[in-house]
>>> print(open('final-v4.cif').read())   # mmCIF, C-alpha atoms and all ligand atoms
data_data
#
loop_
_atom_site.group_PDB
_atom_site.id
_atom_site.type_symbol
_atom_site.label_atom_id
_atom_site.label_comp_id
_atom_site.auth_asym_id
_atom_site.auth_seq_id
_atom_site.Cartn_x
_atom_site.Cartn_y
_atom_site.Cartn_z
ATOM 1 C CA SER A 138 3.187 -13.913 12.303
ATOM 2 C CA MET A 139 5.216 -16.807 10.948
ATOM 3 C CA ASN A 140 6.738 -15.037 8.023
ATOM 4 C CA TYR A 141 8.027 -12.000 9.922
ATOM 5 C CA HIS A 142 11.783 -11.934 10.472
ATOM 6 C CA THR A 143 12.779 -9.091 12.748
ATOM 7 C CA PHE A 144 16.216 -8.719 14.247
ATOM 8 C CA ASP A 145 16.112 -9.853 17.852
ATOM 9 C CA PRO A 146 19.463 -9.297 19.620
ATOM 10 C CA LEU A 147 18.517 -11.827 22.335
ATOM 11 C CA ASN A 148 17.967 -14.603 19.839
ATOM 12 C CA THR A 149 20.805 -14.258 17.365
ATOM 13 C CA ASN A 150 21.209 -17.967 16.664
ATOM 14 C CA THR A 151 17.818 -18.201 14.948
ATOM 15 C CA ILE A 152 18.147 -15.278 12.559
ATOM 16 C CA SER A 153 18.441 -15.935 8.852
ATOM 17 C CA PRO A 154 21.478 -15.095 6.707
ATOM 18 C CA ILE A 155 19.485 -12.267 5.075
ATOM 19 C CA LEU A 156 18.745 -10.698 8.462
ATOM 20 C CA THR A 157 22.366 -11.117 9.528
ATOM 21 C CA CYS A 158 23.391 -9.237 6.410
ATOM 22 C CA LEU A 159 20.769 -6.479 6.857
ATOM 23 C CA THR A 160 21.769 -6.086 10.493
ATOM 24 C CA ASP A 161 25.409 -5.744 9.528
ATOM 25 C CA ILE A 162 24.527 -3.125 6.918
ATOM 26 C CA TYR A 163 22.310 -1.272 9.400
ATOM 27 C CA LYS A 164 25.078 -1.121 11.993
ATOM 28 C CA ARG A 165 27.685 0.132 9.545
ATOM 29 C CA TYR A 166 25.546 2.817 7.880
ATOM 30 C CA GLN A 167 23.533 4.063 10.857
ATOM 31 C CA PRO A 168 26.449 6.199 12.168
ATOM 32 C CA ILE A 169 26.866 7.897 8.769
ATOM 33 C CA ASN A 170 25.324 11.349 9.101
ATOM 34 C CA GLU A 171 25.833 12.698 5.589
ATOM 35 C CA GLY A 172 23.077 14.714 3.947
ATOM 36 C CA ASN A 173 20.256 16.858 5.257
ATOM 37 C CA VAL A 174 16.589 16.380 6.033
ATOM 38 C CA ALA A 175 14.246 18.117 3.564
ATOM 39 C CA THR A 176 13.502 21.668 4.667
ATOM 40 C CA TYR A 177 11.544 23.143 1.758
ATOM 41 C CA ILE A 178 8.341 21.739 3.286
ATOM 42 C CA PRO A 179 8.540 23.204 6.848
ATOM 43 C CA GLU A 180 6.905 20.151 8.441
ATOM 44 C CA LEU A 181 9.494 17.773 6.919
ATOM 45 C CA ALA A 182 12.330 19.725 8.572
ATOM 46 C CA LYS A 183 11.224 18.146 11.867
ATOM 47 C CA ALA A 184 12.309 14.651 10.743
ATOM 48 C CA ASN A 185 14.712 12.792 13.054
ATOM 49 C CA PRO A 186 17.980 12.302 11.081
ATOM 50 C CA ASP A 187 18.977 9.224 13.129
ATOM 51 C CA LEU A 188 16.054 7.098 11.960
ATOM 52 C CA PHE A 189 17.000 4.260 9.669
ATOM 53 C CA GLY A 190 14.973 1.248 8.597
ATOM 54 C CA ILE A 191 15.448 -1.469 5.991
ATOM 55 C CA CYS A 192 12.989 -4.114 4.844
ATOM 56 C CA ILE A 193 13.065 -6.790 2.149
ATOM 57 C CA THR A 194 9.895 -8.632 1.142
ATOM 58 C CA THR A 195 9.728 -11.612 -1.214
ATOM 59 C CA PRO A 196 6.872 -12.646 -3.517
ATOM 60 C CA ASP A 197 6.194 -15.615 -1.221
ATOM 61 C CA GLY A 198 5.532 -13.213 1.643
ATOM 62 C CA GLN A 199 8.744 -13.416 3.673
ATOM 63 C CA ILE A 200 9.441 -10.095 5.403
ATOM 64 C CA TYR A 201 12.971 -9.302 6.637
ATOM 65 C CA GLN A 202 13.309 -6.040 8.536
ATOM 66 C CA VAL A 203 15.822 -4.180 10.683
ATOM 67 C CA GLY A 204 15.971 -0.823 12.465
ATOM 68 C CA GLU A 205 13.090 1.646 12.343
ATOM 69 C CA SER A 206 11.254 -0.270 9.633
ATOM 70 C CA GLN A 207 7.903 0.362 11.382
ATOM 71 C CA HIS A 208 8.342 4.129 11.696
ATOM 72 C CA SER A 209 5.783 6.147 9.668
ATOM 73 C CA PHE A 210 6.842 8.913 7.299
ATOM 74 C CA THR A 211 5.263 10.548 4.254
ATOM 75 C CA ILE A 212 5.529 8.688 0.972
ATOM 76 C CA GLN A 213 6.176 11.885 -1.067
ATOM 77 C CA SER A 214 7.463 11.169 -4.564
ATOM 78 C CA ILE A 215 7.318 7.399 -4.143
ATOM 79 C CA SER A 216 3.588 7.933 -4.737
ATOM 80 C CA LYS A 217 4.295 8.940 -8.334
ATOM 81 C CA PRO A 218 4.827 5.564 -10.060
ATOM 82 C CA PHE A 219 1.796 4.085 -8.281
ATOM 83 C CA VAL A 220 -0.531 6.944 -9.247
ATOM 84 C CA TYR A 221 0.847 6.632 -12.779
ATOM 85 C CA GLY A 222 -0.316 3.003 -12.744
ATOM 86 C CA LEU A 223 -3.770 4.097 -11.589
ATOM 87 C CA ALA A 224 -3.968 6.692 -14.393
ATOM 88 C CA LEU A 225 -2.976 4.025 -16.933
ATOM 89 C CA GLY A 226 -5.767 1.819 -15.642
ATOM 90 C CA ASP A 227 -8.205 4.734 -15.901
ATOM 91 C CA HIS A 228 -7.345 5.793 -19.464
ATOM 92 C CA GLY A 229 -5.099 3.260 -21.208
ATOM 93 C CA VAL A 230 -1.581 3.673 -22.568
ATOM 94 C CA GLU A 231 -2.333 5.801 -25.659
ATOM 95 C CA LYS A 232 -4.210 8.532 -23.830
ATOM 96 C CA ILE A 233 -1.698 8.674 -20.968
ATOM 97 C CA MET A 234 1.264 8.719 -23.351
ATOM 98 C CA SER A 235 -0.268 11.687 -25.170
ATOM 99 C CA LYS A 236 -0.493 13.571 -21.848
ATOM 100 C CA VAL A 237 2.757 12.554 -20.074
ATOM 101 C CA GLY A 238 5.958 11.340 -21.774
ATOM 102 C CA VAL A 239 8.472 8.740 -20.616
ATOM 103 C CA GLU A 240 11.788 10.504 -21.257
ATOM 104 C CA PRO A 241 14.161 11.385 -18.400
ATOM 105 C CA THR A 242 14.798 15.104 -17.974
ATOM 106 C CA GLY A 243 18.286 14.964 -16.474
ATOM 107 C CA GLU A 244 16.964 17.804 -14.317
ATOM 108 C CA ALA A 245 15.914 18.135 -10.677
ATOM 109 C CA PHE A 246 12.569 16.746 -9.508
ATOM 110 C CA ASN A 247 10.984 20.190 -9.277
ATOM 111 C CA SER A 248 12.414 21.619 -12.505
ATOM 112 C CA ILE A 249 10.192 23.677 -14.761
ATOM 113 C CA VAL A 250 10.889 22.084 -18.124
ATOM 114 C CA PHE A 251 8.399 20.607 -20.572
ATOM 115 C CA ASP A 252 8.488 18.489 -23.716
ATOM 116 C CA GLU A 253 7.272 21.436 -25.774
ATOM 117 C CA GLU A 254 7.334 19.571 -29.065
ATOM 118 C CA ASN A 255 4.635 17.243 -27.720
ATOM 119 C CA ASN A 256 3.046 19.728 -25.303
ATOM 120 C CA ARG A 257 3.415 17.453 -22.285
ATOM 121 C CA PRO A 258 5.643 17.031 -19.249
ATOM 122 C CA TYR A 259 8.642 14.772 -19.865
ATOM 123 C CA ASN A 260 7.787 11.937 -17.494
ATOM 124 C CA PRO A 261 5.509 11.042 -14.559
ATOM 125 C CA MET A 262 8.343 10.888 -11.986
ATOM 126 C CA VAL A 263 9.157 14.614 -11.898
ATOM 127 C CA ASN A 264 6.685 17.008 -10.261
ATOM 128 C CA ALA A 265 5.440 18.454 -13.567
ATOM 129 C CA GLY A 266 4.567 14.990 -14.829
ATOM 130 C CA ALA A 267 3.193 13.760 -11.519
ATOM 131 C CA ILE A 268 0.826 16.728 -11.209
ATOM 132 C CA ALA A 269 -0.403 16.092 -14.773
ATOM 133 C CA THR A 270 -0.816 12.381 -13.948
ATOM 134 C CA THR A 271 -2.802 13.052 -10.782
ATOM 135 C CA ALA A 272 -4.989 15.464 -12.755
ATOM 136 C CA LEU A 273 -6.061 12.468 -14.889
ATOM 137 C CA ILE A 274 -7.302 10.325 -11.980
ATOM 138 C CA LYS A 275 -11.000 9.701 -12.481
ATOM 139 C CA GLY A 276 -13.788 10.221 -9.947
ATOM 140 C CA GLU A 277 -16.615 12.541 -8.969
ATOM 141 C CA GLY A 278 -14.888 15.314 -7.076
ATOM 142 C CA TYR A 279 -12.049 15.513 -4.612
ATOM 143 C CA GLU A 280 -13.253 12.992 -2.019
ATOM 144 C CA GLN A 281 -13.992 10.215 -4.461
ATOM 145 C CA ARG A 282 -10.829 10.793 -6.432
ATOM 146 C CA PHE A 283 -8.671 10.791 -3.325
ATOM 147 C CA ASN A 284 -10.391 7.685 -1.985
ATOM 148 C CA ARG A 285 -9.552 5.894 -5.232
ATOM 149 C CA ILE A 286 -5.892 6.914 -4.855
ATOM 150 C CA LEU A 287 -5.809 5.869 -1.182
ATOM 151 C CA SER A 288 -7.495 2.508 -1.883
ATOM 152 C CA MET A 289 -4.960 1.812 -4.607
ATOM 153 C CA PHE A 290 -2.107 2.420 -2.113
ATOM 154 C CA GLU A 291 -3.850 0.273 0.496
ATOM 155 C CA GLY A 292 -4.007 -2.550 -2.033
ATOM 156 C CA PHE A 293 -0.246 -2.297 -2.522
ATOM 157 C CA ALA A 294 0.556 -1.975 1.200
ATOM 158 C CA GLY A 295 -1.971 -4.615 2.265
ATOM 159 C CA ARG A 296 -3.299 -2.486 5.118
ATOM 160 C CA SER A 297 -5.255 0.718 5.843
ATOM 161 C CA LEU A 298 -3.233 3.896 5.402
ATOM 162 C CA THR A 299 -3.703 7.432 6.710
ATOM 163 C CA VAL A 300 -2.575 10.935 5.766
ATOM 164 C CA ASP A 301 -0.205 13.164 7.748
ATOM 165 C CA GLU A 302 -2.493 16.209 7.864
ATOM 166 C CA ALA A 303 0.274 18.506 9.141
ATOM 167 C CA VAL A 304 2.544 17.661 6.193
ATOM 168 C CA PHE A 305 -0.394 18.045 3.815
ATOM 169 C CA GLU A 306 -1.260 21.517 5.152
ATOM 170 C CA SER A 307 2.407 22.498 5.221
ATOM 171 C CA GLU A 308 2.952 21.542 1.603
ATOM 172 C CA ARG A 309 -0.369 22.976 0.488
ATOM 173 C CA SER A 310 0.413 26.366 2.006
ATOM 174 C CA THR A 311 4.041 26.538 0.803
ATOM 175 C CA GLY A 312 3.946 24.626 -2.496
ATOM 176 C CA HIS A 313 4.110 27.710 -4.688
ATOM 177 C CA ARG A 314 6.506 26.160 -7.144
ATOM 178 C CA ASN A 315 4.200 23.188 -7.731
ATOM 179 C CA ARG A 316 1.282 25.609 -8.065
ATOM 180 C CA ALA A 317 3.294 27.562 -10.649
ATOM 181 C CA ILE A 318 4.049 24.340 -12.557
ATOM 182 C CA ALA A 319 0.346 23.458 -12.583
ATOM 183 C CA TYR A 320 -0.635 26.932 -13.827
ATOM 184 C CA LEU A 321 1.907 26.719 -16.653
ATOM 185 C CA GLU A 322 0.440 23.346 -17.579
ATOM 186 C CA LEU A 323 -3.087 24.755 -17.468
ATOM 187 C CA ASN A 324 -1.994 27.659 -19.651
ATOM 188 C CA ALA A 325 -0.410 25.275 -22.182
ATOM 189 C CA GLY A 326 -3.438 22.992 -22.272
ATOM 190 C CA MET A 327 -1.518 20.119 -20.648
ATOM 191 C CA LEU A 328 -4.017 20.141 -17.769
ATOM 192 C CA GLU A 329 -7.787 20.342 -17.716
ATOM 193 C CA GLY A 330 -10.355 20.779 -14.993
ATOM 194 C CA ASN A 331 -10.103 22.143 -11.484
ATOM 195 C CA LEU A 332 -6.449 23.000 -10.937
ATOM 196 C CA GLU A 333 -6.690 23.573 -7.175
ATOM 197 C CA GLU A 334 -8.441 20.216 -6.784
ATOM 198 C CA HIS A 335 -5.681 18.476 -8.767
ATOM 199 C CA LEU A 336 -3.010 20.175 -6.644
ATOM 200 C CA ASP A 337 -4.734 19.231 -3.386
ATOM 201 C CA LEU A 338 -4.883 15.638 -4.601
ATOM 202 C CA TYR A 339 -1.193 15.748 -5.479
ATOM 203 C CA PHE A 340 -0.192 17.256 -2.112
ATOM 204 C CA ARG A 341 -2.412 14.745 -0.303
ATOM 205 C CA GLN A 342 -1.073 11.689 -2.152
ATOM 206 C CA CYS A 343 2.438 12.842 -1.164
ATOM 207 C CA SER A 344 1.316 13.058 2.490
ATOM 208 C CA ILE A 345 0.180 9.435 2.835
ATOM 209 C CA LEU A 346 2.002 7.768 5.740
ATOM 210 C CA VAL A 347 3.975 4.575 5.121
ATOM 211 C CA THR A 348 6.778 2.600 6.766
ATOM 212 C CA ALA A 349 9.846 0.953 5.228
ATOM 213 C CA LYS A 350 8.006 -2.321 5.686
ATOM 214 C CA ASP A 351 5.013 -0.965 3.718
ATOM 215 C CA LEU A 352 7.370 0.175 0.968
ATOM 216 C CA ALA A 353 8.957 -3.278 0.794
ATOM 217 C CA VAL A 354 5.515 -4.903 0.500
ATOM 218 C CA MET A 355 4.545 -2.391 -2.202
ATOM 219 C CA ALA A 356 7.804 -3.059 -4.046
ATOM 220 C CA ALA A 357 7.304 -6.819 -3.653
ATOM 221 C CA THR A 358 3.830 -6.425 -5.156
ATOM 222 C CA LEU A 359 5.487 -4.894 -8.212
ATOM 223 C CA ALA A 360 8.038 -7.751 -8.167
ATOM 224 C CA ASN A 361 5.115 -10.201 -8.048
ATOM 225 C CA ASN A 362 3.248 -9.027 -11.178
ATOM 226 C CA GLY A 363 0.903 -6.827 -9.183
ATOM 227 C CA ILE A 364 -0.246 -9.461 -6.677
ATOM 228 C CA ASN A 365 0.307 -8.385 -3.074
ATOM 229 C CA PRO A 366 2.363 -11.203 -1.491
ATOM 230 C CA ILE A 367 0.719 -10.757 1.915
ATOM 231 C CA THR A 368 -2.971 -10.438 0.960
ATOM 232 C CA GLN A 369 -2.759 -12.273 -2.393
ATOM 233 C CA GLN A 370 -4.951 -9.506 -3.860
ATOM 234 C CA GLN A 371 -4.249 -8.100 -7.330
ATOM 235 C CA ALA A 372 -3.257 -4.475 -6.587
ATOM 236 C CA VAL A 373 -2.590 -3.529 -10.216
ATOM 237 C CA ASN A 374 -2.686 -5.223 -13.629
ATOM 238 C CA PRO A 375 0.527 -6.834 -14.954
ATOM 239 C CA GLU A 376 0.569 -4.480 -18.006
ATOM 240 C CA GLU A 377 0.696 -1.525 -15.643
ATOM 241 C CA VAL A 378 3.466 -3.169 -13.595
ATOM 242 C CA ARG A 379 5.662 -3.204 -16.682
ATOM 243 C CA ALA A 380 4.939 0.482 -17.378
ATOM 244 C CA ILE A 381 5.539 1.464 -13.744
ATOM 245 C CA LEU A 382 8.872 -0.390 -13.538
ATOM 246 C CA SER A 383 9.981 1.068 -16.875
ATOM 247 C CA VAL A 384 9.526 4.683 -15.788
ATOM 248 C CA MET A 385 11.104 3.899 -12.417
ATOM 249 C CA ALA A 386 14.158 2.452 -14.203
ATOM 250 C CA SER A 387 14.570 5.436 -16.529
ATOM 251 C CA CYS A 388 13.412 8.331 -14.316
ATOM 252 C CA GLY A 389 12.836 7.154 -10.715
ATOM 253 C CA MET A 390 15.907 8.674 -9.078
ATOM 254 C CA TYR A 391 15.692 12.044 -10.883
ATOM 255 C CA ASP A 392 19.027 13.346 -12.153
ATOM 256 C CA PHE A 393 20.707 10.315 -10.526
ATOM 257 C CA SER A 394 18.615 7.824 -12.536
ATOM 258 C CA GLY A 395 21.368 6.960 -15.021
ATOM 259 C CA GLU A 396 24.030 6.460 -12.383
ATOM 260 C CA TRP A 397 21.613 4.525 -10.174
ATOM 261 C CA LEU A 398 20.791 2.112 -13.010
ATOM 262 C CA TYR A 399 24.481 1.785 -13.800
ATOM 263 C CA ARG A 400 25.553 1.121 -10.212
ATOM 264 C CA ILE A 401 22.567 -0.663 -8.665
ATOM 265 C CA GLY A 402 20.709 -1.943 -11.709
ATOM 266 C CA LEU A 403 17.155 -2.027 -10.330
ATOM 267 C CA PRO A 404 14.041 0.061 -11.015
ATOM 268 C CA ALA A 405 13.635 2.355 -8.008
ATOM 269 C CA LYS A 406 11.889 5.453 -6.678
ATOM 270 C CA SER A 407 12.833 7.899 -3.962
ATOM 271 C CA GLY A 408 10.896 10.477 -1.960
ATOM 272 C CA VAL A 409 11.963 13.480 0.115
ATOM 273 C CA GLY A 410 10.379 11.894 3.195
ATOM 274 C CA GLY A 411 13.465 9.637 3.120
ATOM 275 C CA GLY A 412 12.014 6.519 1.532
ATOM 276 C CA ILE A 413 13.337 4.473 -1.394
ATOM 277 C CA ILE A 414 11.779 1.461 -3.093
ATOM 278 C CA ALA A 415 13.708 -0.886 -5.376
ATOM 279 C CA VAL A 416 12.366 -3.905 -7.229
ATOM 280 C CA LEU A 417 13.964 -7.056 -8.598
ATOM 281 C CA PRO A 418 11.135 -8.557 -10.695
ATOM 282 C CA GLY A 419 10.220 -12.065 -9.569
ATOM 283 C CA GLN A 420 12.625 -11.913 -6.601
ATOM 284 C CA PHE A 421 11.888 -9.230 -3.994
ATOM 285 C CA GLY A 422 11.084 -5.651 -3.114
ATOM 286 C CA ILE A 423 13.266 -3.406 -0.951
ATOM 287 C CA GLY A 424 11.990 -0.528 1.186
ATOM 288 C CA THR A 425 14.415 1.763 2.983
ATOM 289 C CA PHE A 426 13.853 4.774 5.212
ATOM 290 C CA SER A 427 16.376 7.376 6.303
ATOM 291 C CA PRO A 428 15.480 11.088 6.118
ATOM 292 C CA LEU A 429 18.992 12.392 5.410
ATOM 293 C CA LEU A 430 18.978 13.363 1.718
ATOM 294 C CA ASP A 431 21.636 14.214 -0.817
ATOM 295 C CA PRO A 432 21.316 17.427 -2.878
ATOM 296 C CA ARG A 433 19.152 15.616 -5.449
ATOM 297 C CA GLY A 434 16.591 14.622 -2.819
ATOM 298 C CA ASN A 435 17.571 10.949 -2.592
ATOM 299 C CA SER A 436 18.149 9.243 0.788
ATOM 300 C CA VAL A 437 21.896 8.917 1.413
ATOM 301 C CA ARG A 438 21.737 5.783 3.582
ATOM 302 C CA GLY A 439 19.071 4.289 1.303
ATOM 303 C CA ILE A 440 21.358 4.563 -1.729
ATOM 304 C CA LYS A 441 24.237 2.986 0.209
ATOM 305 C CA VAL A 442 22.068 0.074 1.371
ATOM 306 C CA CYS A 443 20.829 -0.665 -2.142
ATOM 307 C CA GLU A 444 24.294 -0.338 -3.632
ATOM 308 C CA GLU A 445 25.782 -2.743 -1.110
ATOM 309 C CA LEU A 446 22.943 -5.274 -1.451
ATOM 310 C CA SER A 447 23.186 -5.133 -5.229
ATOM 311 C CA GLN A 448 26.928 -5.745 -5.191
ATOM 312 C CA ARG A 449 26.895 -8.392 -2.483
ATOM 313 C CA PHE A 450 24.113 -10.477 -3.986
ATOM 314 C CA LYS A 451 24.627 -9.588 -7.674
ATOM 315 C CA PHE A 452 21.154 -8.093 -7.985
ATOM 316 C CA HIS A 453 22.033 -5.920 -10.965
ATOM 317 C CA LEU A 454 19.571 -6.727 -13.779
ATOM 318 C CA PHE A 455 22.316 -6.678 -16.372
HETATM 319 O O1 LIG B 1 6.270 17.947 -4.922
HETATM 320 C C1 LIG B 1 6.936 17.963 -3.901
HETATM 321 O O2 LIG B 1 7.683 18.876 -3.684
HETATM 322 C C2 LIG B 1 6.860 16.832 -2.887
HETATM 323 N N1 LIG B 1 5.570 16.677 -2.398
HETATM 324 C C3 LIG B 1 7.356 15.548 -3.432
HETATM 325 C C4 LIG B 1 8.729 15.691 -3.877
HETATM 326 C C5 LIG B 1 9.602 14.524 -3.686
HETATM 327 O O3 LIG B 1 9.432 13.621 -2.877
HETATM 328 C C6 LIG B 1 10.779 14.584 -4.543
HETATM 329 N N2 LIG B 1 11.705 13.605 -4.141
HETATM 330 N N3 LIG B 1 12.724 13.290 -4.030
#
>>> encode(input="final-v4.cif", output="structure tokens", more="lines below")
Ligand code: DON
Amino acid sequence: SMNYHTFDPLNTNTISPILTCLTDIYKRYQPINEGNVATYIPELAKANPDLFGICITTPDGQIYQVGESQHSFTIQSISKPFVYGLALGDHGVEKIMSKVGVEPTGEAFNSIVFDEENNRPYNPMVNAGAIATTALIKGEGYEQRFNRILSMFEGFAGRSLTVDEAVFESERSTGHRNRAIAYLELNAGMLEGNLEEHLDLYFRQCSILVTAKDLAVMAATLANNGINPITQQQAVNPEEVRAILSVMASCGMYDFSGEWLYRIGLPAKSGVGGGIIAVLPGQFGIGTFSPLLDPRGNSVRGIKVCEELSQRFKFHLF
């Protein structure tokens, strides 16, 4: 369509300055092979380390993409801020705040630490908080609850989405640490209801397939006060957008969140599938995909792309 800008090597004189820049960045960072694909979920270990895609989407619906921006991968932890928004819509701020805090842990994404003073996980971006958040999603049973989660993501992406069943089964059968976290939460009264159902929902939300282009549209929806720039549909209320971006800014990159905010200066979220989203409110959303991760579980090329874009175009919020 008219507003798609994709790098076409045969037609270089028509590409925009943004695409020229993204293409340059793609070419310089693609050969960098630092990091490792995630292996703790056996199915994720099959990821192709060479894949690399970048997409920027603006609130007026311009889409700039280079590389493997249409390659599907599992959303993983990038699901967390969006499901947090859905939980806020279901219950309101007071109830959610009493169940899940908003303080960074300074610990790894899968760490087993809790805000014991308040009997809640520290924040919705680490696994402990994300499992507790998913447990709060309303609906009659597993199917209806998952369909609500999936529809919410489809509203953000502006298209139908599917689940990678192999990744789901792989995580479900090996996710003992997440199961342990959920049982500790059940024991402490941080969780209620059917624990195995909550865990299946959590594993399944992580297994939703997206592309870098989808991530950029989702991020642009957050940049656009919750209105999807492609479909013009309201995917989430503006109050929830503020809450989502706040927890992304403080906790979205795990134990790299402080340095990320310092260096790049944008609310962001990573996932072990290799995706990163970053948002400049009012201006654009970035989606990157590269499965090579650093030891914290953040995409190595994705961090480099965002750091370079932020410096080159002075995107830093402060
Ligand atoms: O809970 C897990 O282990 C995964 N499904 C999601 C983790 C994840 O993406 C953490 N990210 N960097």
>>> residues_around(input="final-v4.cif", residues="range 168-182 of chain A", least_positions_apart="5", cutoff="12 Å", atoms="only C-alpha atoms", output="NGL selection string")
:A and (162-163 or 187-189 or 210-213 or 247 or 301-315 or 340 or 343-344 or 408-412 or 426-442)
>>> resolve_selection(input="final-v4.cif", expression="the PyMOL selection byres (((chain A and resi 160) around 12) and not hetatm)", output="mmCIF file with C-alpha atoms, in the coordinates of the input")
data_model
loop_
_atom_site.group_PDB
_atom_site.id
_atom_site.type_symbol
_atom_site.label_atom_id
_atom_site.label_comp_id
_atom_site.auth_asym_id
_atom_site.auth_seq_id
_atom_site.Cartn_x
_atom_site.Cartn_y
_atom_site.Cartn_z
ATOM 1 C CA HIS A 142 11.783 -11.934 10.472
ATOM 2 C CA THR A 143 12.779 -9.091 12.748
ATOM 3 C CA PHE A 144 16.216 -8.719 14.247
ATOM 4 C CA ASP A 145 16.112 -9.853 17.852
ATOM 5 C CA PRO A 146 19.463 -9.297 19.620
ATOM 6 C CA THR A 149 20.805 -14.258 17.365
ATOM 7 C CA ILE A 152 18.147 -15.278 12.559
ATOM 8 C CA SER A 153 18.441 -15.935 8.852
ATOM 9 C CA PRO A 154 21.478 -15.095 6.707
ATOM 10 C CA ILE A 155 19.485 -12.267 5.075
ATOM 11 C CA LEU A 156 18.745 -10.698 8.462
ATOM 12 C CA THR A 157 22.366 -11.117 9.528
ATOM 13 C CA CYS A 158 23.391 -9.237 6.410
ATOM 14 C CA LEU A 159 20.769 -6.479 6.857
ATOM 15 C CA ASP A 161 25.409 -5.744 9.528
ATOM 16 C CA ILE A 162 24.527 -3.125 6.918
ATOM 17 C CA TYR A 163 22.310 -1.272 9.400
ATOM 18 C CA LYS A 164 25.078 -1.121 11.993
ATOM 19 C CA ARG A 165 27.685 0.132 9.545
ATOM 20 C CA TYR A 166 25.546 2.817 7.880
ATOM 21 C CA GLN A 167 23.533 4.063 10.857
ATOM 22 C CA PHE A 189 17.000 4.260 9.669
ATOM 23 C CA GLY A 190 14.973 1.248 8.597
ATOM 24 C CA ILE A 191 15.448 -1.469 5.991
ATOM 25 C CA CYS A 192 12.989 -4.114 4.844
ATOM 26 C CA TYR A 201 12.971 -9.302 6.637
ATOM 27 C CA GLN A 202 13.309 -6.040 8.536
ATOM 28 C CA VAL A 203 15.822 -4.180 10.683
ATOM 29 C CA GLY A 204 15.971 -0.823 12.465
ATOM 30 C CA GLU A 205 13.090 1.646 12.343
ATOM 31 C CA VAL A 442 22.068 0.074 1.371
#
>>> axis_aligned_box(input="final-v4.cif", around="range 337-351 of chain A", padding_each_side="3 Å", output="JSON")
{"center_x": 2.5, "center_y": 8.5, "center_z": 0.6, "size_x": 20.7, "size_y": 27.6, "size_z": 18.2}
>>> atom_distance(input="final-v4.cif", atom1="CA of Met262 in chain A", atom2="CA of Asn361 in chain A")
21.7 Å
>>> residues_near_point(input="final-v4.cif", point="(-7.1, 21.4, -8.9)", cutoff="12 Å", atoms="all atoms listed in the file", output="JSON, numbers by chain")
{"A": [268, 269, 271, 272, 273, 274, 278, 279, 282, 309, 315, 316, 319, 320, 322, 323, 328, 329, 330, 331, 332, 333, 334, 335, 336, 337, 338, 339, 340, 341]}
